Amino acid sequence: MNTKVSENIYWVGSVDYNVRDFHGYRTERGSTYNAYLILDKKNVLVDTVKAPFASELISNIEKHISTDKIDYVICNHAEPDHSGSLPVVMAKCKNAKIICDAKCKEILGLYYDISEWNFEIVKTGDSISTGAKTVSFIETPMVHWPESMFTYVPEDKLLFSMDAFGQHYASSLRFDYENTLQTIMDEAKTYYANIVMLYGRQILKTLDVAKELDIQIIAPSHGIIWTKHIPEIIAAYADWAVCKPNKKVLIMYSTMWKSTEKMAVAVRDGANELGVDVRFYNIKDIHKTVLADEILDAASIAIGSATLNQGVMPEMASVLTYIKGLKPQNKSVICFGSYGWAPGTKELTSYVEAMKLEILQPAITCKYCPTAEVLEKCREAGRQLAQKALEA
Ligand code: FEO
């Protein structure tokens with residue numbers, strides 16, 4: 001594996017090929033927990049890895065240097081996928097100070113016994129000299145947690161971007177140019193949709209910060225390191241930060257006795273008449289990770305649910321709770337669904353209202369089974385959603 005990131009800077013993280021769940025996000029291609037080693041007069045470890053991989057991290061460090069020669073351990077983010085090995089690392093790196101911002105120290109103190117750790121607290125604009133290199137710090141609150149921080153090495157034009165620009169992607173090939181661009185961009189998008197979508201405003205601020213820096217390498221905390229395709233990932237983030245819609249209609253539904261499914265098919269048929277990209281999912285068979293990914297760049301969405309106990313189907317409630325938390329923007333929505341005596345579409349619509357998305361018309365309902373008239377209303381809704389997509 002080529003682990004040399006820049007002159008005297010090495011990747012020392014771990015590749016997790018087998019993880020399939022990341023707090024609810026289905027990680028079909030595994031993940032990596034990236035940590036980096038800067039070798040200079042002062043030696044620096046940038047971030048650690050998830051706790052079960054601590055010994056692998058130590059072994060990777062020791063390929064270069066004895067752990068007691070590490071002077072600084074930077075913690076850019078306290079979430080345990082990056083800080084989980086800190087107790088092991090700080091015990092091994094007996095001469096190291098831990099560098100982080102004030103909020104990060106507070107959070108680390110809630111996770112771990114930090115009483116023996118020697119902290120140096122930094123804020124935006126602070127830097128340390130390691131000898132030939134400078135390591136500077138930029139706080140990036142809410143990308144992904146309140147204590148999150150970037151670390152930048154101007155001599156190498158290298159940005160350690162922590163969760164930003166990451167992908168849950170396991171590969172022994174560390175750099176973008178060694179992997180298939182479509183694959184890593186797809187994984188970066190899925191990651192953005194499921195982890196970062198709700199922080200669009202903070203991402204725009206972060207992109208402004210990045211514009212001020214001379215960057216030739218972006219080394220995130222997950223996935224591959226960007227060197228050749230930095231313009232592509234920066235441009236994609238600018239689009240994703242505002243949930244920029246493509247000419248795409250998403251139809252997602254949950255059915256009980258196939259009535260809502262018949263309505264969904266009619267919506268799909270109507271949308272297809274206008275020649276846009278139509279995605280069609282019975283959510284029973286689709287993980288919410290995929291649906292979040294589809295929503296990020298959809299222009300318009302039809303959401304259908306049969307009624308159960310006067311509300312939406314539980315699997316639809318689960319999906320909508322997840323999506324609502326991600327705060328998608330710039331989408332137009334039509335709700336639909338069947339019922340027997342008390343329409344669950346009221347609850348369906350309330351989810352969309354809570355998301356503050358545009359609702360194009362009142363929910364389309366059918367009592368028990370859709371009539372020809374209801375199905376035509378659904379087809380017309382599909383045309384309307386497709387027209388919105390064409391205008392995107
Ligand atoms: Fe990869 Fe927010 O932790």
# chains A, B, ... in the order shown; residues from 1 in each chain; ligands from 1

$ residues_near_ligand --ligand "ligand 1" --cutoff "6 Å" --atoms "only C-alpha atoms and all ligand atoms" --output "list in words"
Glu79, Asp81, His144 and Asp163 of chain A

$ select_by_dssp --residues "stretch 138-367 of chain A" --states "strand (DSSP E)" --output "ChimeraX atom specification"
/A:138-139,149-153,158-162,217-220,248-254,277-282,300-305,307-308,311-312,332-339,358-359,364-367

$ closest_residue --among "A:Ser83, A:Asn76, A:Gln167, A:Asn118" --to "A:Met149" --atoms "only C-alpha atoms"
A:Asn76

$ atom_distance --atom1 "atom CA of A:Met1" --atom2 "atom CA of A:Arg174"
7.5 Å
